[in-house]
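Written below as structure tokens is the structure these notes are about.
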Amino acid sequence: MTAGKEALLIYWRTTSTITDDKILKVFEKVPRENFILQKYASDAYFDEPLPIGYGQTISQPTTVAIMTSALNPKTGQKILEIGTGSGYQAAILSELAGEAGKVYTLERIKELASFARKNLKDYKNVSAIHADGTKGYKKAAPYDCIIVTAAASELPKQLFVQLKENGVMVIPIEDHLFRITKVKGKSVMEDLGLFAFVPLVTGKL
């Protein structure tokens with residue numbers, strides 16, 4: 001384990017940012033340096049977002065960890081991710097879902113979808129798909145969990161309907177991060193605080 005990764009994990013533990021050992025172990029296992037551009041390799045464990053091209057970034061590690069903890073994915077679950085980027089979040093989810101689970105991740109930028117597929121080649125339970133994420137992926141719905149890595153202006157109805165009853169969605173809406181649970185078909189929203197994300201974009205690919 002690199003010194004930078006070790007320092008980050010110690011910081012999460014000592015500040016109680018992340019307390020779930022299962023999630024901490026997955027972040028220790030998955031190499032963030034494999035999901036960034038080579039020229040930023042030395043910055044892999046700085047706690048900040050990094051450019052991955054096409055106006056997009058890989059989120060800072062603490063943001064990824066907080067979103068993953070809020071989603072609380074379990075072994076065997078079916079998970080939908082909107083906004084693949086370089087594939088780092090999908091790799092984290094893959095480890096948590098396990099061999100019995102499945103992760104579908106959607107990326108609207110064709111070149112990033114290809115980049116992510118290369119980065120995720122060893123994660124056999126992940127399907128990286130070039131698609132408009134705002135529409136979700138009906139073919140595999142419904143999902144136990146949905147995670148959105150770009151900021152929406154409101155709760156996307158086309159995604160919410162693809163969530164199972166009692167399923168959980170973690171999504172930035174404007175400048176706040178929300179955990180949303182589907183209870184009797186209705187959304188129960190929990191505000192997790194201020195966060196900054198690139199906007200969720202819809203339209204032609």
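Residue names in the structure tokens use chain letters A, B, ... in the order shown, residue numbers from 1 in each chain, and ligand numbers from 1 in the order shown.
Within region 17-150 of chain A, residues classed as strand (DSSP E) by DSSP on backbone coordinates are A:Leu50, A:Pro51, A:Ile52, A:Gly53, A:Gln56, A:Thr57, A:Ile58, A:Lys78, A:Ile79, A:Leu80, A:Glu81, A:Ile82, A:Lys102, A:Val103, A:Tyr104, A:Thr105, A:Leu106, A:Glu107, A:Val126, A:Ser127, A:Ala128, A:Ile129, A:His130, A:Tyr143, A:Asp144, A:Cys145, A:Ile146, A:Ile147, A:Val148.
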Pull N, CA and C atoms from the residues just selected and write them as a JSON list (two decimals), in the first residue's frame.
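Everything below was put into selection-v3.json:
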[["chain", "number", "residue", "atom", "x", "y", "z"],
["A", 50, "LEU", "N", -9.47, 14.81, -10.12],
["A", 50, "LEU", "CA", -8.43, 14.91, -11.14],
["A", 50, "LEU", "C", -9.07, 14.85, -12.53],
["A", 51, "PRO", "N", -8.53, 15.59, -13.50],
["A", 51, "PRO", "CA", -9.09, 15.54, -14.86],
["A", 51, "PRO", "C", -8.91, 14.16, -15.50],
["A", 52, "ILE", "N", -9.94, 13.74, -16.22],
["A", 52, "ILE", "CA", -9.83, 12.48, -16.98],
["A", 52, "ILE", "C", -10.12, 12.72, -18.46],
["A", 53, "GLY", "N", -10.20, 14.01, -18.84],
["A", 53, "GLY", "CA", -10.45, 14.36, -20.23],
["A", 53, "GLY", "C", -11.92, 14.65, -20.50],
["A", 56, "GLN", "N", -14.35, 16.20, -17.91],
["A", 56, "GLN", "CA", -14.82, 15.41, -16.79],
["A", 56, "GLN", "C", -13.68, 15.16, -15.79],
["A", 57, "THR", "N", -14.07, 14.76, -14.58],
["A", 57, "THR", "CA", -13.07, 14.46, -13.55],
["A", 57, "THR", "C", -13.41, 13.15, -12.85],
["A", 58, "ILE", "N", -12.39, 12.57, -12.24],
["A", 58, "ILE", "CA", -12.61, 11.49, -11.27],
["A", 58, "ILE", "C", -12.79, 12.20, -9.94],
["A", 78, "LYS", "N", -27.90, -5.85, -7.34],
["A", 78, "LYS", "CA", -27.79, -5.30, -8.69],
["A", 78, "LYS", "C", -27.78, -3.78, -8.58],
["A", 79, "ILE", "N", -26.73, -3.18, -9.13],
["A", 79, "ILE", "CA", -26.47, -1.76, -8.93],
["A", 79, "ILE", "C", -26.37, -1.05, -10.27],
["A", 80, "LEU", "N", -26.96, 0.14, -10.35],
["A", 80, "LEU", "CA", -26.85, 0.98, -11.54],
["A", 80, "LEU", "C", -26.07, 2.24, -11.17],
["A", 81, "GLU", "N", -25.04, 2.52, -11.97],
["A", 81, "GLU", "CA", -24.28, 3.76, -11.79],
["A", 81, "GLU", "C", -24.49, 4.65, -13.01],
["A", 82, "ILE", "N", -24.75, 5.93, -12.77],
["A", 82, "ILE", "CA", -24.90, 6.91, -13.84],
["A", 82, "ILE", "C", -23.67, 7.80, -13.82],
["A", 102, "LYS", "N", -24.11, -7.60, -9.59],
["A", 102, "LYS", "CA", -23.90, -7.07, -10.94],
["A", 102, "LYS", "C", -23.95, -5.54, -10.89],
["A", 103, "VAL", "N", -23.01, -4.93, -11.61],
["A", 103, "VAL", "CA", -22.97, -3.47, -11.72],
["A", 103, "VAL", "C", -23.13, -3.09, -13.18],
["A", 104, "TYR", "N", -24.12, -2.24, -13.45],
["A", 104, "TYR", "CA", -24.30, -1.64, -14.77],
["A", 104, "TYR", "C", -23.91, -0.18, -14.62],
["A", 105, "THR", "N", -23.01, 0.29, -15.47],
["A", 105, "THR", "CA", -22.58, 1.68, -15.38],
["A", 105, "THR", "C", -22.69, 2.34, -16.74],
["A", 106, "LEU", "N", -23.30, 3.52, -16.78],
["A", 106, "LEU", "CA", -23.62, 4.20, -18.03],
["A", 106, "LEU", "C", -22.80, 5.48, -18.18],
["A", 107, "GLU", "N", -22.23, 5.67, -19.36],
["A", 107, "GLU", "CA", -21.43, 6.86, -19.66],
["A", 107, "GLU", "C", -21.84, 7.43, -21.01],
["A", 126, "VAL", "N", -19.07, -6.26, -14.02],
["A", 126, "VAL", "CA", -19.40, -4.89, -14.44],
["A", 126, "VAL", "C", -19.66, -4.83, -15.93],
["A", 127, "SER", "N", -20.74, -4.17, -16.31],
["A", 127, "SER", "CA", -21.01, -3.85, -17.72],
["A", 127, "SER", "C", -20.97, -2.34, -17.89],
["A", 128, "ALA", "N", -19.99, -1.84, -18.65],
["A", 128, "ALA", "CA", -19.87, -0.40, -18.92],
["A", 128, "ALA", "C", -20.52, -0.13, -20.27],
["A", 129, "ILE", "N", -21.52, 0.73, -20.27],
["A", 129, "ILE", "CA", -22.38, 0.92, -21.43],
["A", 129, "ILE", "C", -22.37, 2.39, -21.86],
["A", 130, "HIS", "N", -22.19, 2.63, -23.15],
["A", 130, "HIS", "CA", -22.28, 3.98, -23.70],
["A", 130, "HIS", "C", -23.75, 4.31, -23.90],
["A", 143, "TYR", "N", -33.42, -2.09, -9.84],
["A", 143, "TYR", "CA", -32.12, -2.15, -9.17],
["A", 143, "TYR", "C", -32.26, -2.02, -7.65],
["A", 144, "ASP", "N", -31.37, -2.69, -6.96],
["A", 144, "ASP", "CA", -31.31, -2.54, -5.50],
["A", 144, "ASP", "C", -30.78, -1.17, -5.11],
["A", 145, "CYS", "N", -29.81, -0.70, -5.90],
["A", 145, "CYS", "CA", -29.16, 0.59, -5.62],
["A", 145, "CYS", "C", -28.92, 1.34, -6.93],
["A", 146, "ILE", "N", -29.00, 2.65, -6.86],
["A", 146, "ILE", "CA", -28.62, 3.51, -7.99],
["A", 146, "ILE", "C", -27.75, 4.62, -7.44],
["A", 147, "ILE", "N", -26.63, 4.88, -8.11],
["A", 147, "ILE", "CA", -25.74, 5.96, -7.71],
["A", 147, "ILE", "C", -25.51, 6.86, -8.91],
["A", 148, "VAL", "N", -25.62, 8.15, -8.70],
["A", 148, "VAL", "CA", -25.47, 9.14, -9.78],
["A", 148, "VAL", "C", -24.29, 10.03, -9.43]]
Skip Thr19 (chain A) itself and residues of its chain fewer than 5 positions away, then list as a ChimeraX atom specification all residues within 12 Å of it, counting only C-alpha atoms.
/A:9-14,24-25,65-66,68-70,72
Within 8 Å of Phe197 (chain A), counting only C-alpha atoms, which residues qualify if same-chain residues fewer than 3 places away don't, as a ChimeraX atom specification?
/A:149-151,172,175
Take the residues just selected and output them with C-alpha atoms as an mmCIF file, in the first residue's frame.
data_model
loop_
_atom_site.group_PDB
_atom_site.id
_atom_site.type_symbol
_atom_site.label_atom_id
_atom_site.label_comp_id
_atom_site.auth_asym_id
_atom_site.auth_seq_id
_atom_site.Cartn_x
_atom_site.Cartn_y
_atom_site.Cartn_z
ATOM 1 C CA THR A 149 -22.085 10.839 -10.021
ATOM 2 C CA ALA A 150 -23.230 14.099 -11.631
ATOM 3 C CA ALA A 151 -25.540 16.821 -10.299
ATOM 4 C CA PRO A 172 -26.390 15.081 -6.040
ATOM 5 C CA ASP A 175 -25.336 21.482 -4.730
#
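Look at Glu111 (chain A): the protein and nucleic acid residues within 9 Å of it, using only C-alpha atoms and passing over chain neighbours fewer than 4 places away, are A:Tyr54, A:Phe115, A:Ala116.
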Now that the selection is made, can you save its residues with N, CA and C atoms as an mmCIF file, in the first residue's frame?
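Below is the file out_28.cif, written as the result:
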data_model
loop_
_atom_site.group_PDB
_atom_site.id
_atom_site.type_symbol
_atom_site.label_atom_id
_atom_site.label_comp_id
_atom_site.auth_asym_id
_atom_site.auth_seq_id
_atom_site.Cartn_x
_atom_site.Cartn_y
_atom_site.Cartn_z
ATOM 1 N N TYR A 54 -12.167 15.335 -21.635
ATOM 2 C CA TYR A 54 -13.527 15.615 -22.106
ATOM 3 C C TYR A 54 -14.332 16.449 -21.102
ATOM 4 N N PHE A 115 -12.526 4.140 -22.373
ATOM 5 C CA PHE A 115 -11.458 4.230 -21.370
ATOM 6 C C PHE A 115 -11.819 3.409 -20.135
ATOM 7 N N ALA A 116 -13.073 3.545 -19.696
ATOM 8 C CA ALA A 116 -13.528 2.815 -18.510
ATOM 9 C C ALA A 116 -13.528 1.307 -18.746
#
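When the distance limit is 9 Å and only C-alpha atoms are what count, the residues near Ala141 (chain A), minus those fewer than 2 positions from it on the same chain, are A:Lys78, A:Leu80, A:Gly136, A:Tyr137, A:Lys138, A:Lys139, A:Tyr143, A:Val161, A:Gln162, A:Leu163, A:Lys164.
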Computed interatomic separation between CA of Gly193 (chain A) and CA of His176 (chain A) (Å):
5.4 Å
Where does DSSP see helix (DSSP H, G or I) in region 22-83 of chain A, if you list the residues as a VMD selection string?
chain A and resid 22 to 29 32 to 35 38 to 43 61 to 71
With C-alpha atoms retained, write the just-selected residues as a PDB file, in the first residue's frame.
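Wrote result-v1.pdb, looks like this:
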ATOM      1  CA  LYS A  22     -15.891  -3.471   4.644  1.00  0.00           C
ATOM      2  CA  ILE A  23     -15.813  -0.237   2.653  1.00  0.00           C
ATOM      3  CA  LEU A  24     -12.389   0.745   3.968  1.00  0.00           C
ATOM      4  CA  LYS A  25     -10.960  -2.625   2.897  1.00  0.00           C
ATOM      5  CA  VAL A  26     -12.352  -2.208  -0.622  1.00  0.00           C
ATOM      6  CA  PHE A  27     -10.803   1.256  -0.956  1.00  0.00           C
ATOM      7  CA  GLU A  28      -7.530  -0.229   0.227  1.00  0.00           C
ATOM      8  CA  LYS A  29      -7.793  -2.963  -2.420  1.00  0.00           C
ATOM      9  CA  ARG A  32      -7.060   4.531  -7.891  1.00  0.00           C
ATOM     10  CA  GLU A  33      -3.883   5.036  -9.934  1.00  0.00           C
ATOM     11  CA  ASN A  34      -5.283   2.573 -12.508  1.00  0.00           C
ATOM     12  CA  PHE A  35      -8.259   4.848 -13.172  1.00  0.00           C
ATOM     13  CA  GLN A  38      -0.843   8.497 -16.447  1.00  0.00           C
ATOM     14  CA  LYS A  39       0.439  12.061 -16.102  1.00  0.00           C
ATOM     15  CA  TYR A  40      -1.449  12.373 -12.800  1.00  0.00           C
ATOM     16  CA  ALA A  41      -0.234   9.041 -11.381  1.00  0.00           C
ATOM     17  CA  SER A  42       1.769  10.706  -8.618  1.00  0.00           C
ATOM     18  CA  ASP A  43      -1.364  12.573  -7.508  1.00  0.00           C
ATOM     19  CA  PRO A  61     -11.529   9.904  -2.921  1.00  0.00           C
ATOM     20  CA  THR A  62     -13.434  11.191   0.114  1.00  0.00           C
ATOM     21  CA  THR A  63     -16.462  12.018  -2.038  1.00  0.00           C
ATOM     22  CA  VAL A  64     -16.411   8.528  -3.583  1.00  0.00           C
ATOM     23  CA  ALA A  65     -16.090   6.978  -0.123  1.00  0.00           C
ATOM     24  CA  ILE A  66     -18.949   9.031   1.344  1.00  0.00           C
ATOM     25  CA  MET A  67     -21.251   8.216  -1.585  1.00  0.00           C
ATOM     26  CA  THR A  68     -20.380   4.524  -1.378  1.00  0.00           C
ATOM     27  CA  SER A  69     -20.973   4.469   2.371  1.00  0.00           C
ATOM     28  CA  ALA A  70     -24.326   6.232   1.930  1.00  0.00           C
ATOM     29  CA  LEU A  71     -25.372   3.722  -0.751  1.00  0.00           C
TER      30      LEU A  71
END
Give me, as a list in words, all polymer residues having an atom no more than 9 Å from Lys124 (chain A), counting only C-alpha atoms and skipping those fewer than 4 positions away in the same chain.
Ser94, Glu99, Lys102 and Leu120 of chain A
Export, as a tab-separated table (two decimals), in the first residue's frame, the selected residues with N, CA and C atoms.
chain	number	residue	atom	x	y	z
A	94	SER	N	-18.16	-2.97	-7.74
A	94	SER	CA	-17.96	-4.35	-8.16
A	94	SER	C	-17.47	-5.21	-7.01
A	99	GLU	N	-19.18	-11.56	-6.61
A	99	GLU	CA	-19.42	-12.37	-7.80
A	99	GLU	C	-20.91	-12.61	-8.04
A	102	LYS	N	-24.11	-7.60	-9.59
A	102	LYS	CA	-23.90	-7.07	-10.94
A	102	LYS	C	-23.95	-5.54	-10.89
A	120	LEU	N	-11.67	-1.43	-16.49
A	120	LEU	CA	-12.52	-2.38	-15.76
A	120	LEU	C	-12.43	-3.81	-16.31
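Our summary of the geometry notes that CA of Pro49 (chain A) is positioned 10.3 Å from CA of Ala196 (chain A).
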Met189 (chain A): which residues within 8 Å, counting only C-alpha atoms, same-chain residues fewer than 6 positions away excluded, as a PDB file with N, CA and C atoms, in the first residue's frame?
ATOM      1  N   PHE A 178     -27.899  13.713  -1.758  1.00  0.00           N
ATOM      2  CA  PHE A 178     -29.052  13.112  -1.105  1.00  0.00           C
ATOM      3  C   PHE A 178     -28.969  11.590  -1.145  1.00  0.00           C
ATOM      4  N   ARG A 179     -29.451  10.964  -0.063  1.00  0.00           N
ATOM      5  CA  ARG A 179     -29.735   9.529  -0.056  1.00  0.00           C
ATOM      6  C   ARG A 179     -31.250   9.412  -0.094  1.00  0.00           C
ATOM      7  N   ILE A 180     -31.740   8.690  -1.084  1.00  0.00           N
ATOM      8  CA  ILE A 180     -33.181   8.583  -1.304  1.00  0.00           C
ATOM      9  C   ILE A 180     -33.584   7.117  -1.205  1.00  0.00           C
ATOM     10  N   THR A 181     -34.527   6.834  -0.346  1.00  0.00           N
ATOM     11  CA  THR A 181     -35.045   5.475  -0.187  1.00  0.00           C
ATOM     12  C   THR A 181     -36.450   5.412  -0.767  1.00  0.00           C
TER      13      THR A 181
END
